[in-house]
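Undergrad: Input file: start.txt. Contents: compact mmCIF, C-alpha atoms and all ligand atoms.
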# COMPACT_ATOMS: atom_id res chain seq x y z
CA MET A 1 -4.80 15.57 -10.50
CA ASP A 2 -4.51 12.77 -13.06
CA PHE A 3 -2.80 9.66 -11.70
CA SER A 4 -3.27 7.45 -14.78
CA LEU A 5 0.00 5.86 -15.86
CA THR A 6 1.80 5.98 -19.20
CA PRO A 7 2.88 2.57 -20.63
CA GLU A 8 6.46 3.39 -19.49
CA GLN A 9 5.28 4.12 -15.97
CA ASP A 10 3.26 0.92 -15.91
CA ALA A 11 6.35 -1.01 -17.04
CA PHE A 12 8.32 0.74 -14.29
CA ARG A 13 5.77 -0.50 -11.73
CA GLN A 14 6.17 -4.09 -12.95
CA THR A 15 9.98 -3.84 -12.78
CA VAL A 16 9.88 -2.47 -9.23
CA ARG A 17 7.39 -5.12 -8.13
CA ALA A 18 9.49 -7.98 -9.52
CA TRP A 19 12.69 -6.54 -8.03
CA LEU A 20 11.15 -6.12 -4.58
CA LYS A 21 9.81 -9.67 -4.66
CA ALA A 22 13.26 -11.04 -5.43
CA ASN A 23 15.26 -8.78 -3.11
CA LEU A 24 13.42 -8.20 0.19
CA PRO A 25 15.78 -8.98 3.07
CA ARG A 26 14.71 -12.33 4.51
CA GLU A 27 15.42 -11.33 8.10
CA TRP A 28 13.06 -8.32 7.80
CA LYS A 29 9.78 -10.26 8.00
CA ASP A 30 9.78 -10.51 11.77
CA LEU A 31 10.94 -6.96 12.30
CA GLY A 32 8.28 -5.14 10.25
CA ARG A 33 5.72 -2.62 11.41
CA SER A 34 8.20 0.03 12.60
CA ASP A 35 8.02 3.27 10.62
CA ILE A 36 11.12 4.85 12.17
CA PRO A 37 14.39 2.88 11.95
CA ARG A 38 15.10 1.06 15.24
CA ILE A 39 18.62 0.68 16.57
CA GLU A 40 18.65 -3.13 16.29
CA THR A 41 17.73 -2.85 12.59
CA TYR A 42 20.31 -0.20 11.58
CA GLU A 43 22.68 -2.65 9.87
CA ILE A 44 19.90 -4.40 7.93
CA LEU A 45 18.53 -1.01 6.84
CA ARG A 46 21.96 0.28 5.84
CA GLN A 47 22.45 -2.76 3.57
CA TRP A 48 18.88 -2.47 2.29
CA GLN A 49 19.38 1.17 1.28
CA ARG A 50 22.65 0.24 -0.45
CA LYS A 51 20.82 -2.48 -2.37
CA LEU A 52 18.11 -0.02 -3.45
CA TYR A 53 20.84 2.38 -4.56
CA ASP A 54 22.71 -0.24 -6.57
CA ALA A 55 19.44 -1.19 -8.30
CA GLY A 56 18.60 2.47 -9.01
CA PHE A 57 15.50 2.54 -6.77
CA ILE A 58 16.37 5.52 -4.61
CA GLY A 59 16.69 9.20 -5.45
CA LEU A 60 14.45 8.71 -8.48
CA THR A 61 13.71 12.44 -8.85
CA TRP A 62 17.27 13.58 -8.15
CA PRO A 63 19.27 14.77 -11.19
CA LYS A 64 21.31 12.07 -12.94
CA GLU A 65 24.56 14.01 -12.70
CA TYR A 66 24.29 13.96 -8.89
CA GLY A 67 23.58 10.24 -8.48
CA GLY A 68 19.80 10.23 -9.07
CA ARG A 69 17.65 8.89 -11.91
CA GLY A 70 16.16 12.15 -13.23
CA LEU A 71 12.62 10.70 -13.17
CA THR A 72 9.37 12.42 -12.07
CA PHE A 73 7.42 12.25 -8.82
CA MET A 74 5.00 9.85 -10.52
CA GLU A 75 7.75 7.21 -10.57
CA GLU A 76 8.54 8.07 -6.94
CA LEU A 77 4.86 7.61 -6.08
CA ILE A 78 4.79 4.24 -7.87
CA LEU A 79 7.94 3.14 -6.06
CA GLN A 80 6.54 4.13 -2.65
CA GLU A 81 3.25 2.34 -3.36
CA GLU A 82 5.08 -0.84 -4.34
CA ILE A 83 7.30 -0.61 -1.26
CA ALA A 84 4.17 -0.40 0.90
CA LEU A 85 2.53 -3.34 -0.90
CA ALA A 86 5.66 -5.47 -0.49
CA LYS A 87 5.96 -4.43 3.19
CA ALA A 88 9.58 -3.53 2.48
CA PRO A 89 11.81 -1.98 5.18
CA PRO A 90 12.36 1.78 5.48
CA ILE A 91 15.75 3.22 4.53
CA LEU A 92 18.29 4.20 7.20
CA ASN A 93 19.36 7.62 5.92
CA VAL A 94 15.86 9.11 6.17
CA LEU A 95 17.01 12.63 7.05
CA GLY A 96 19.68 12.67 4.35
CA VAL A 97 17.35 11.51 1.58
CA GLY A 98 14.23 13.35 2.75
CA MET A 99 15.80 16.64 3.82
CA ALA A 100 19.54 17.23 3.34
CA GLY A 101 19.64 16.18 -0.32
CA PRO A 102 16.68 18.31 -1.52
CA THR A 103 17.98 21.34 0.44
CA ILE A 104 21.45 20.96 -1.10
CA PHE A 105 19.85 20.86 -4.57
CA ALA A 106 17.89 24.02 -3.77
CA TYR A 107 20.78 26.07 -2.34
CA GLY A 108 24.08 24.25 -2.92
CA THR A 109 27.06 25.29 -4.98
CA GLU A 110 28.02 23.02 -7.88
CA ALA A 111 30.80 21.53 -5.71
CA GLN A 112 28.33 20.79 -2.87
CA LYS A 113 25.81 19.22 -5.26
CA LYS A 114 28.51 16.94 -6.65
CA ARG A 115 30.02 16.06 -3.26
CA TYR A 116 27.07 15.12 -1.00
CA PRO A 117 24.00 13.65 -2.77
CA PRO A 118 25.51 10.39 -4.14
CA LYS A 119 26.80 9.34 -0.69
CA ILE A 120 23.45 10.27 0.87
CA LEU A 121 21.69 7.90 -1.52
CA SER A 122 24.17 5.05 -1.15
CA CYS A 123 23.98 5.35 2.67
CA GLU A 124 27.75 5.78 2.88
CA GLU A 125 27.13 8.98 4.84
CA ILE A 126 24.32 9.34 7.37
CA TRP A 127 22.84 12.78 8.13
CA CYS A 128 21.28 14.32 11.20
CA GLN A 129 19.51 17.64 11.77
CA GLY A 130 20.96 20.09 14.33
CA TYR A 131 18.16 22.60 14.83
CA SER A 132 16.60 22.24 18.30
CA GLU A 133 18.36 23.58 21.38
CA PRO A 134 17.47 23.53 25.09
CA ASN A 135 15.87 27.01 24.67
CA ALA A 136 14.91 26.87 21.01
CA GLY A 137 12.41 24.25 19.82
CA SER A 138 9.16 25.61 18.44
CA ASP A 139 10.72 29.04 18.64
CA LEU A 140 13.66 28.02 16.47
CA ALA A 141 14.71 31.60 15.71
CA SER A 142 15.93 31.95 19.33
CA LEU A 143 18.75 29.50 18.73
CA GLN A 144 21.98 30.45 20.50
CA THR A 145 24.68 28.17 19.05
CA ARG A 146 27.28 30.66 17.83
CA ALA A 147 29.56 30.64 14.81
CA VAL A 148 32.31 33.28 14.79
CA LYS A 149 34.49 33.93 11.71
CA ASP A 150 38.22 33.29 12.06
CA GLY A 151 39.98 33.71 8.71
CA GLU A 152 38.74 30.99 6.35
CA TYR A 153 37.01 29.16 9.20
CA TRP A 154 33.98 29.50 11.45
CA ILE A 155 34.37 28.56 15.13
CA ILE A 156 31.24 26.88 16.50
CA ASN A 157 30.26 26.83 20.19
CA GLY A 158 26.96 25.78 21.76
CA GLN A 159 24.56 22.87 22.16
CA LYS A 160 21.83 21.05 20.24
CA VAL A 161 19.31 18.61 21.73
CA TRP A 162 16.95 15.83 20.58
CA THR A 163 19.21 15.23 17.56
CA SER A 164 18.01 11.97 15.98
CA PHE A 165 20.74 9.71 14.51
CA ALA A 166 23.58 11.98 15.77
CA GLN A 167 25.11 8.90 17.42
CA ILE A 168 25.75 7.37 13.99
CA ALA A 169 25.74 10.47 11.76
CA ASP A 170 28.62 11.53 9.50
CA TRP A 171 27.11 14.95 8.72
CA MET A 172 24.78 17.45 10.35
CA MET A 173 22.48 20.12 8.90
CA LEU A 174 23.47 22.77 11.43
CA LEU A 175 21.83 26.12 12.13
CA ALA A 176 24.05 28.57 14.03
CA ARG A 177 23.89 32.29 14.83
CA THR A 178 26.50 34.19 12.84
CA ASP A 179 25.36 37.75 13.54
CA PRO A 180 23.72 38.45 16.93
CA ASN A 181 23.23 42.12 15.99
CA LEU A 182 20.80 41.38 13.17
CA PRO A 183 17.08 40.65 13.82
CA ARG A 184 16.62 37.05 15.09
CA HIS A 185 15.68 35.47 11.74
CA LYS A 186 18.38 37.26 9.80
CA GLY A 187 21.62 36.45 11.63
CA ILE A 188 21.48 32.65 11.16
CA THR A 189 23.64 30.52 8.84
CA TYR A 190 23.16 26.93 7.63
CA PHE A 191 26.30 24.75 7.78
CA LEU A 192 27.05 21.29 6.41
CA LEU A 193 28.94 20.05 9.45
CA ASP A 194 31.33 17.09 9.48
CA MET A 195 30.44 15.17 12.67
CA LYS A 196 34.00 13.79 12.93
CA LEU A 197 35.52 17.25 13.54
CA PRO A 198 37.37 17.73 16.85
CA GLY A 199 35.28 19.42 19.59
CA ILE A 200 31.97 17.61 18.90
CA THR A 201 30.55 15.46 21.73
CA VAL A 202 27.41 13.33 21.27
CA LYS A 203 25.49 12.09 24.34
CA PRO A 204 22.55 9.73 23.67
CA LEU A 205 19.20 10.35 25.43
CA ARG A 206 16.75 7.53 26.15
CA HIS A 207 13.06 7.73 25.13
CA MET A 208 10.23 6.05 27.04
CA THR A 209 10.49 3.16 24.53
CA GLY A 210 13.89 2.32 26.04
CA ASP A 211 15.73 3.19 22.80
CA ALA A 212 18.49 5.82 22.88
CA ASP A 213 18.45 7.13 19.32
CA PHE A 214 18.30 10.88 19.84
CA ASN A 215 21.02 12.91 21.46
CA GLU A 216 22.52 15.99 23.01
CA VAL A 217 25.31 17.39 20.81
CA PHE A 218 27.92 19.78 22.24
CA PHE A 219 30.23 22.03 20.18
CA ASP A 220 33.45 23.19 21.77
CA ASN A 221 35.47 25.44 19.43
CA VAL A 222 34.65 23.34 16.36
CA ARG A 223 36.45 24.74 13.30
CA VAL A 224 34.36 24.57 10.12
CA HIS A 225 35.69 25.72 6.76
CA ALA A 226 33.80 28.61 5.11
CA SER A 227 33.05 26.37 2.09
CA GLN A 228 30.68 24.39 4.34
CA VAL A 229 28.10 27.21 4.44
CA LEU A 230 24.95 26.32 2.48
CA GLY A 231 23.03 29.15 0.82
CA GLY A 232 25.08 32.13 2.02
CA VAL A 233 26.11 33.69 5.35
CA ASN A 234 23.10 34.99 7.37
CA GLN A 235 20.71 33.35 4.86
CA GLY A 236 20.19 30.26 7.03
CA TRP A 237 16.59 30.94 8.02
CA GLN A 238 15.29 30.55 4.47
CA VAL A 239 17.48 27.49 3.84
CA GLY A 240 16.42 25.97 7.16
CA ILE A 241 12.71 26.49 6.43
CA THR A 242 13.14 24.70 3.08
CA THR A 243 14.51 21.69 4.98
CA LEU A 244 11.50 21.83 7.34
CA MET A 245 9.04 21.90 4.43
CA TYR A 246 10.71 18.81 2.99
CA GLU A 247 10.66 17.22 6.47
CA ARG A 248 6.90 17.75 6.74
CA LEU A 249 6.41 16.50 3.22
CA THR A 250 8.49 13.38 3.90
CA LEU A 251 6.72 12.75 7.19
CA GLY A 252 3.25 13.46 5.82
CA PHE A 253 3.55 11.85 2.40
CA GLY A 254 6.39 9.30 2.69
CA LEU A 255 5.22 7.93 6.01
CA HIS A 256 1.62 7.54 4.87
CA MET A 257 2.91 4.71 2.69
CA ARG A 258 4.31 3.06 5.79
CA LEU A 259 1.00 3.69 7.52
CA ARG A 260 -0.59 1.32 5.03
CA ILE A 261 1.87 -1.37 6.11
CA ALA A 262 0.88 -0.78 9.75
CA LEU A 263 -2.82 -0.84 8.83
CA ASP A 264 -2.44 -4.20 7.05
CA SER A 265 -0.65 -5.60 10.10
CA LEU A 266 -3.43 -4.23 12.33
CA LEU A 267 -6.03 -6.06 10.24
CA GLU A 268 -4.03 -9.28 10.63
CA LEU A 269 -3.88 -8.67 14.37
CA ALA A 270 -7.67 -8.18 14.53
CA ARG A 271 -8.16 -11.45 12.64
CA ARG A 272 -6.01 -13.30 15.19
CA MET A 273 -7.20 -11.79 18.49
CA GLU A 274 -10.32 -13.09 20.24
CA LYS A 275 -12.68 -11.67 22.85
CA SER A 276 -15.15 -13.97 24.67
CA GLY A 277 -14.38 -16.73 22.13
CA ARG A 278 -15.15 -14.50 19.13
CA VAL A 279 -12.60 -13.28 16.61
CA LEU A 280 -12.36 -9.47 16.87
CA THR A 281 -13.17 -8.84 13.20
CA HIS A 282 -16.74 -10.01 14.01
CA ASP A 283 -17.15 -7.26 16.60
CA PRO A 284 -19.13 -4.39 14.97
CA LEU A 285 -17.35 -1.69 16.99
CA VAL A 286 -13.93 -3.02 16.04
CA ARG A 287 -15.00 -3.21 12.40
CA GLN A 288 -16.10 0.43 12.49
CA LYS A 289 -12.80 1.53 13.98
CA LEU A 290 -10.79 -0.44 11.41
CA ALA A 291 -12.87 1.05 8.60
CA GLN A 292 -12.32 4.56 10.01
CA SER A 293 -8.58 3.90 10.12
CA TRP A 294 -8.66 2.89 6.45
CA ILE A 295 -10.67 6.03 5.56
CA ASP A 296 -8.18 8.26 7.42
CA THR A 297 -5.25 6.56 5.66
CA GLU A 298 -6.89 7.11 2.26
CA CYS A 299 -7.59 10.79 3.06
CA LEU A 300 -3.93 11.15 3.90
CA ARG A 301 -2.94 9.59 0.58
CA LEU A 302 -5.05 12.17 -1.24
CA THR A 303 -3.70 15.05 0.87
CA GLY A 304 -0.22 13.80 -0.07
CA ALA A 305 -1.23 13.86 -3.74
CA ARG A 306 -1.68 17.64 -3.49
CA GLY A 307 1.94 17.99 -2.37
CA ILE A 308 2.99 15.75 -5.27
CA THR A 309 1.05 17.95 -7.71
CA ARG A 310 3.09 20.96 -6.58
CA LEU A 311 6.34 19.04 -7.00
CA LEU A 312 5.30 17.83 -10.49
CA ARG A 313 4.86 21.50 -11.39
CA GLY A 314 8.47 22.07 -10.31
CA GLU A 315 7.48 24.00 -7.16
CA MET A 316 8.83 23.52 -3.64
CA PRO A 317 6.65 21.97 -0.93
CA GLY A 318 4.44 24.66 0.59
CA PRO A 319 2.75 25.19 3.95
CA GLU A 320 0.10 22.60 3.07
CA ALA A 321 2.79 20.02 3.89
CA SER A 322 1.94 20.94 7.51
CA ALA A 323 -1.57 19.55 6.98
CA GLY A 324 -0.12 16.27 5.69
CA LYS A 325 2.18 15.97 8.69
CA MET A 326 -0.62 16.76 11.14
CA VAL A 327 -3.10 14.29 9.64
CA TRP A 328 -0.42 11.60 9.52
CA VAL A 329 0.27 12.13 13.25
CA GLU A 330 -3.39 11.85 14.24
CA THR A 331 -4.01 8.81 12.03
CA HIS A 332 -0.90 6.99 13.19
CA GLN A 333 -1.48 7.66 16.88
CA LYS A 334 -5.12 6.51 16.63
CA LEU A 335 -4.01 3.35 14.79
CA GLN A 336 -1.50 2.50 17.52
CA GLU A 337 -4.11 3.17 20.23
CA LEU A 338 -6.47 0.80 18.42
CA ALA A 339 -3.76 -1.88 18.39
CA MET A 340 -3.53 -1.60 22.19
CA GLU A 341 -7.32 -1.85 22.43
CA LEU A 342 -7.37 -4.98 20.26
CA GLU A 343 -4.73 -6.65 22.39
CA GLY A 344 -6.85 -6.08 25.52
CA PRO A 345 -5.04 -7.21 28.70
CA TYR A 346 -2.09 -8.42 26.56
CA ALA A 347 -1.38 -4.75 25.79
CA GLN A 348 0.39 -4.56 29.14
CA LEU A 349 3.06 -7.08 28.07
CA ALA A 350 6.11 -5.71 26.29
CA LYS A 351 9.24 -7.21 24.69
CA GLY A 352 10.82 -9.75 27.04
CA SER A 353 7.54 -11.35 28.13
CA ASP A 354 6.82 -14.83 26.72
CA TRP A 355 3.19 -13.78 26.32
CA ALA A 356 3.76 -10.46 24.55
CA VAL A 357 1.84 -10.34 21.25
CA ASP A 358 4.21 -10.17 18.23
CA GLY A 359 7.20 -9.92 20.59
CA GLY A 360 6.00 -6.55 21.96
CA ALA A 361 6.40 -4.77 18.59
CA TRP A 362 3.02 -3.02 18.97
CA GLN A 363 3.87 -1.75 22.45
CA HIS A 364 7.06 -0.20 21.10
CA ALA A 365 5.25 1.36 18.13
CA PHE A 366 2.51 2.72 20.42
CA LEU A 367 4.99 4.40 22.79
CA ARG A 368 7.13 5.71 19.92
CA SER A 369 4.07 7.19 18.19
CA ARG A 370 3.55 9.63 21.09
CA ALA A 371 6.62 11.54 19.85
CA ASN A 372 5.09 12.02 16.39
CA SER A 373 3.15 15.09 17.54
CA ILE A 374 6.39 16.70 18.79
CA GLU A 375 9.10 15.77 16.25
CA GLY A 376 9.26 17.72 12.99
CA GLY A 377 7.35 20.60 14.67
CA THR A 378 4.53 20.08 17.19
CA THR A 379 0.88 19.81 16.16
CA GLU A 380 0.19 23.24 17.72
CA ILE A 381 2.91 24.77 15.54
CA GLN A 382 1.55 23.05 12.39
CA LYS A 383 -1.89 24.53 13.24
CA ASN A 384 -0.33 27.99 13.56
CA ILE A 385 1.33 27.59 10.14
CA ILE A 386 -1.95 26.48 8.53
CA ALA A 387 -3.84 29.35 10.22
CA GLU A 388 -1.39 32.01 9.13
CA ARG A 389 -0.02 30.80 5.81
CA VAL A 390 -2.84 28.74 4.33
CA LEU A 391 -5.94 30.44 5.78
CA GLY A 392 -4.44 33.94 6.02
CA LEU A 393 -5.52 34.45 9.65
CA PRO A 394 -3.74 37.05 11.84
CA LYS A 395 -0.32 36.11 13.25
CA ASP A 396 -0.05 34.12 16.50
C1 LIG B 401 11.58 11.75 18.84
C2 LIG B 401 12.06 13.15 18.54
C3 LIG B 401 13.04 13.33 17.59
C4 LIG B 401 13.51 14.62 17.33
N1 LIG B 401 14.52 14.77 16.40
C5 LIG B 401 15.04 16.01 16.19
C6 LIG B 401 16.15 16.18 15.31
O1 LIG B 401 16.63 15.21 14.71
N2 LIG B 401 16.66 17.41 15.16
C7 LIG B 401 16.14 18.51 15.80
O2 LIG B 401 16.65 19.61 15.59
N3 LIG B 401 15.09 18.38 16.65
C8 LIG B 401 14.53 17.16 16.86
N4 LIG B 401 13.49 17.01 17.73
C9 LIG B 401 13.01 18.18 18.46
C10 LIG B 401 11.67 18.71 18.05
O3 LIG B 401 11.73 19.36 16.80
C11 LIG B 401 11.21 19.67 19.15
O4 LIG B 401 11.01 18.90 20.33
C12 LIG B 401 9.95 20.40 18.80
O5 LIG B 401 10.16 21.31 17.75
C13 LIG B 401 9.35 21.15 20.00
O6 LIG B 401 10.29 21.95 20.62
P1 LIG B 401 10.52 21.85 22.20
O7 LIG B 401 10.75 20.43 22.57
O8 LIG B 401 11.56 22.85 22.57
O9 LIG B 401 9.12 22.27 22.86
P2 LIG B 401 8.59 23.76 23.06
O10 LIG B 401 8.83 24.56 21.84
O11 LIG B 401 9.12 24.26 24.36
O12 LIG B 401 7.02 23.52 23.18
C14 LIG B 401 6.39 23.06 24.39
C15 LIG B 401 4.88 23.05 24.15
O13 LIG B 401 4.40 24.38 23.88
C16 LIG B 401 3.68 24.41 22.65
N5 LIG B 401 3.96 25.67 21.95
C17 LIG B 401 5.17 26.26 21.78
N6 LIG B 401 5.03 27.42 21.08
C18 LIG B 401 3.71 27.54 20.77
C19 LIG B 401 2.94 28.50 20.04
N7 LIG B 401 3.52 29.56 19.48
N8 LIG B 401 1.60 28.30 19.91
C20 LIG B 401 1.00 27.21 20.46
N9 LIG B 401 1.68 26.26 21.19
C21 LIG B 401 3.01 26.42 21.33
C22 LIG B 401 4.24 23.23 21.84
O14 LIG B 401 3.31 22.79 20.89
C23 LIG B 401 4.47 22.19 22.96
O15 LIG B 401 3.27 21.53 23.26
C24 LIG B 401 12.97 15.74 18.00
C25 LIG B 401 11.96 15.55 18.96
C26 LIG B 401 11.51 14.27 19.22
C27 LIG B 401 10.42 14.10 20.25
Could you write out this file's structure as structure tokens?
Ligand SMILES: Cc1cc2nc3c(=O)[nH]c(=O)nc-3n(C[C@H](O)[C@H](O)[C@H](O)COP(=O)(O)OP(=O)(O)OC[C@H]3O[C@@H](n4cnc5c(N)ncnc54)[C@H](O)[C@@H]3O)c2cc1C
TA:
Amino acid sequence: MDFSLTPEQDAFRQTVRAWLKANLPREWKDLGRSDIPRIETYEILRQWQRKLYDAGFIGLTWPKEYGGRGLTFMEELILQEEIALAKAPPILNVLGVGMAGPTIFAYGTEAQKKRYPPKILSCEEIWCQGYSEPNAGSDLASLQTRAVKDGEYWIINGQKVWTSFAQIADWMMLLARTDPNLPRHKGITYFLLDMKLPGITVKPLRHMTGDADFNEVFFDNVRVHASQVLGGVNQGWQVGITTLMYERLTLGFGLHMRLRIALDSLLELARRMEKSGRVLTHDPLVRQKLAQSWIDTECLRLTGARGITRLLRGEMPGPEASAGKMVWVETHQKLQELAMELEGPYAQLAKGSDWAVDGGAWQHAFLRSRANSIEGGTTEIQKNIIAERVLGLPKD
């Protein structure tokens, strides 16, 4: 793949760099290092995404008529690289921009494509993903939330769980069973669900980090208009898988840019921490581990480039996005473990302690990183996908 830039693309890089320099939110500096939006930063991130939107630095590859810029994935790559270099904050509407928008472009009616994408980009409407249920996680096709037709409406009953951002979301990408008599994968429909509808109850769940940013969501006779179906009745499995491919691509490729921010911060940490009166960057074992972390991050960048190549050819993300997601998980978890190792005994001190390093930000990131190998499909499931769909091995 050729990543050399045209003069226009080089000029685009300079424009982005200058804009980021002038516009980074001042209050962000102390809050950096987190790759997933944290509750206390939601308002800053909402404003930040709005600012990116107003400047035309979000949705670069989305069609112009639906609020995007109609540029290529090369410009997107340049933008993400510059964001990483500037240590800029993440956006708030990650699931809307990374998953809902691309799926609506792939399967939406003209009315749906006009209605949703611009408000996703401007962060006026936050999206969440209603897939997992108490008895349907890895085995998503066993989902039991039911949608029953009643005239022009569908009546939804059931429960979702682990729904990130549901506590602030305006819309949900919902998978529900519309025909229990069809084979499991065939009787599912994908709905664009208004979270303000009567009959929806959201109950936050707390992670081990102390944050409560994923939820149980209950549906009690929720009436959804038939025009809210995306991609056709009983076609939801295919639509839902497209969203998952984009999720893995976003997690694997998008987050590797944020990994570079974390790696830079880790290097700074190693330069500051001492062991037996010696700065840690002089310790040969620490140096080897830092170098390995850099190598892993670079490998991830190149794996991501393969996904970009597909997109530049106008194809959808394929099963190799699973490899990107899996490598990102391993690299990020190892990086956070190394941060704990570098802190030594201080690793035991979290936010609230006067002696916590960097206000306990690393402790939070370390604990949060444990969920990376579960969310967006577990590592075991990614391995099954790679085995079956990339390597052509027999089915699990
Ligand atoms: C922080 C976080 C945020 C999340 N956000 C969302 C969200 O916004 N929306 C949403 O819908 N879901 C979300 N999830 C849910 C997530 O997608 C599921 O937890 C995940 O898919 C696993 O499902 P499960 O929890 O039911 O575990 P299970 O499927 O019960 O799996 C349990 C264990 O068995 C293993 N396993 C299962 N099947 C196989 C197999 N065939 N082969 C080998 N091993 C197997 C799994 O790898 C795992 O280790 C989130 C989860 C987390 C942790």
Undergrad: Residues within 10 Å of ligand LIG 401 (chain B), counting all atoms listed in the file: report them as a VMD selection string.
TA: chain A and resid 36 95 127 to 140 160 to 166 172 to 175 206 to 207 212 to 216 244 368 to 385 395 to 396
Undergrad: Measuring atom to atom with only C-alpha atoms, identify which of A:Ala323, A:Ala176, A:Leu255, A:Val16 is nearest to Ala55 of chain A.
TA: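 Using only C-alpha atoms, Ala55 of chain A sits closest to A:Val16.
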Undergrad: Would you mind telling me which residue in A:Ser4, A:Thr61, A:Thr281, A:Thr331 lies nearest to Ile295 of chain A when using only C-alpha atoms?
TA: A:Thr331
Undergrad: Identify, on the basis of all atoms listed in the file, every residue whose closest approach to Ile104 of chain A does not exceed 8 Å; exclude the query and any residue fewer than 6 positions from it along the same chain; express the result as a PyMOL selection string.
TA: chain A and resi 112-113+117+230
Undergrad: Neighbours of Phe73 of chain A within 8 Å (all atoms listed in the file; same-chain residues fewer than 3 positions away dropped), as a VMD selection string?
TA: chain A and resid 60 to 61 76 to 77 308 311 to 312
Undergrad: Give me the residues within 9 Å of Pro37 of chain A as a PyMOL selection string, counting only C-alpha atoms and dropping any in the same chain fewer than 6 places off.
TA: chain A and resi 45+89-92+94
Undergrad: Quick one: write out the picked residues with C-alpha atoms as an mmCIF file, keeping the file's coordinate frame?
TA:
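So the final result, stored in selection_3.cif, reads:
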data_model
loop_
_atom_site.group_PDB
_atom_site.id
_atom_site.type_symbol
_atom_site.label_atom_id
_atom_site.label_comp_id
_atom_site.auth_asym_id
_atom_site.auth_seq_id
_atom_site.Cartn_x
_atom_site.Cartn_y
_atom_site.Cartn_z
ATOM 1 C CA LEU A 45 18.530 -1.010 6.840
ATOM 2 C CA PRO A 89 11.810 -1.980 5.180
ATOM 3 C CA PRO A 90 12.360 1.780 5.480
ATOM 4 C CA ILE A 91 15.750 3.220 4.530
ATOM 5 C CA LEU A 92 18.290 4.200 7.200
ATOM 6 C CA VAL A 94 15.860 9.110 6.170
#
Undergrad: When distances are computed from all atoms listed in the file, which of A:Leu71, A:Leu290, A:Leu143, A:Val329 shows the smallest separation from Arg184 of chain A?
TA: A:Leu143
Undergrad: Counting all atoms listed in the file, write as a PyMOL selection string all protein and nucleic acid residues lying at most 12 Å from (-6.0, 4.9, 3.2) in the file's frame.
TA: chain A and resi 81+84+253+255-264+290-304+327-328+331-332+335
Undergrad: State, in Å with one decimal place, the distance from atom CA of Arg50 of chain A to atom CA of Met195 of chain A.
TA: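 Atom CA of Met195 of chain A lies at a distance of 21.3 Å from atom CA of Arg50 of chain A.
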Undergrad: Using all atoms listed in the file, find the one residue out of A:Ala365, A:Glu274, A:Ala111, A:Thr309 that sits nearest to Arg38 of chain A.
TA: A:Ala365
Undergrad: In file coordinates, which residues lie within 12 Å of (10.5, -6.5, 22.3) using only C-alpha atoms, given as a list in words?
TA: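 The requested residues, written out, are Asp30, Leu31, Ser34, Arg38, Glu40, Thr209, Gly210, Asp211, Leu349, Ala350, Lys351, Gly352, Ser353, Asp354, Trp355, Ala356, Val357, Asp358, Gly359, Gly360, Ala361, Trp362, Gln363, His364 and Ala365 of chain A.
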Undergrad: Create the file for the chosen residues now, containing C-alpha atoms and written as a PDB file, keeping the file's coordinate frame.
TA:
ATOM      1  CA  ASP A  30       9.780 -10.510  11.770  1.00  0.00           C
ATOM      2  CA  LEU A  31      10.940  -6.960  12.300  1.00  0.00           C
ATOM      3  CA  SER A  34       8.200   0.030  12.600  1.00  0.00           C
ATOM      4  CA  ARG A  38      15.100   1.060  15.240  1.00  0.00           C
ATOM      5  CA  GLU A  40      18.650  -3.130  16.290  1.00  0.00           C
ATOM      6  CA  THR A 209      10.490   3.160  24.530  1.00  0.00           C
ATOM      7  CA  GLY A 210      13.890   2.320  26.040  1.00  0.00           C
ATOM      8  CA  ASP A 211      15.730   3.190  22.800  1.00  0.00           C
ATOM      9  CA  LEU A 349       3.060  -7.080  28.070  1.00  0.00           C
ATOM     10  CA  ALA A 350       6.110  -5.710  26.290  1.00  0.00           C
ATOM     11  CA  LYS A 351       9.240  -7.210  24.690  1.00  0.00           C
ATOM     12  CA  GLY A 352      10.820  -9.750  27.040  1.00  0.00           C
ATOM     13  CA  SER A 353       7.540 -11.350  28.130  1.00  0.00           C
ATOM     14  CA  ASP A 354       6.820 -14.830  26.720  1.00  0.00           C
ATOM     15  CA  TRP A 355       3.190 -13.780  26.320  1.00  0.00           C
ATOM     16  CA  ALA A 356       3.760 -10.460  24.550  1.00  0.00           C
ATOM     17  CA  VAL A 357       1.840 -10.340  21.250  1.00  0.00           C
ATOM     18  CA  ASP A 358       4.210 -10.170  18.230  1.00  0.00           C
ATOM     19  CA  GLY A 359       7.200  -9.920  20.590  1.00  0.00           C
ATOM     20  CA  GLY A 360       6.000  -6.550  21.960  1.00  0.00           C
ATOM     21  CA  ALA A 361       6.400  -4.770  18.590  1.00  0.00           C
ATOM     22  CA  TRP A 362       3.020  -3.020  18.970  1.00  0.00           C
ATOM     23  CA  GLN A 363       3.870  -1.750  22.450  1.00  0.00           C
ATOM     24  CA  HIS A 364       7.060  -0.200  21.100  1.00  0.00           C
ATOM     25  CA  ALA A 365       5.250   1.360  18.130  1.00  0.00           C
TER      26      ALA A 365
END
Undergrad: Excluding Asp220 of chain A and residues on its chain fewer than 6 positions from it, collect all residues at most 10 Å away from it, counting only C-alpha atoms, and give them as an NGL selection string.
TA: :A and (155-159 or 198-201)
Undergrad: To one decimal in Å, tell me the separation between atom CA of Leu85 of chain A and atom CA of Trp19 of chain A.
TA: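 Distance between the two atoms: 12.8 Å.
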Undergrad: Which residue gives the smallest distance to Ala88 of chain A among A:Ala339, A:Ile44, A:Met74, A:Ala106, with only C-alpha atoms counted?
TA: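 Checking each of A:Ala339, A:Ile44, A:Met74, A:Ala106 against Ala88 of chain A, counting only C-alpha atoms, the winner is A:Ile44.
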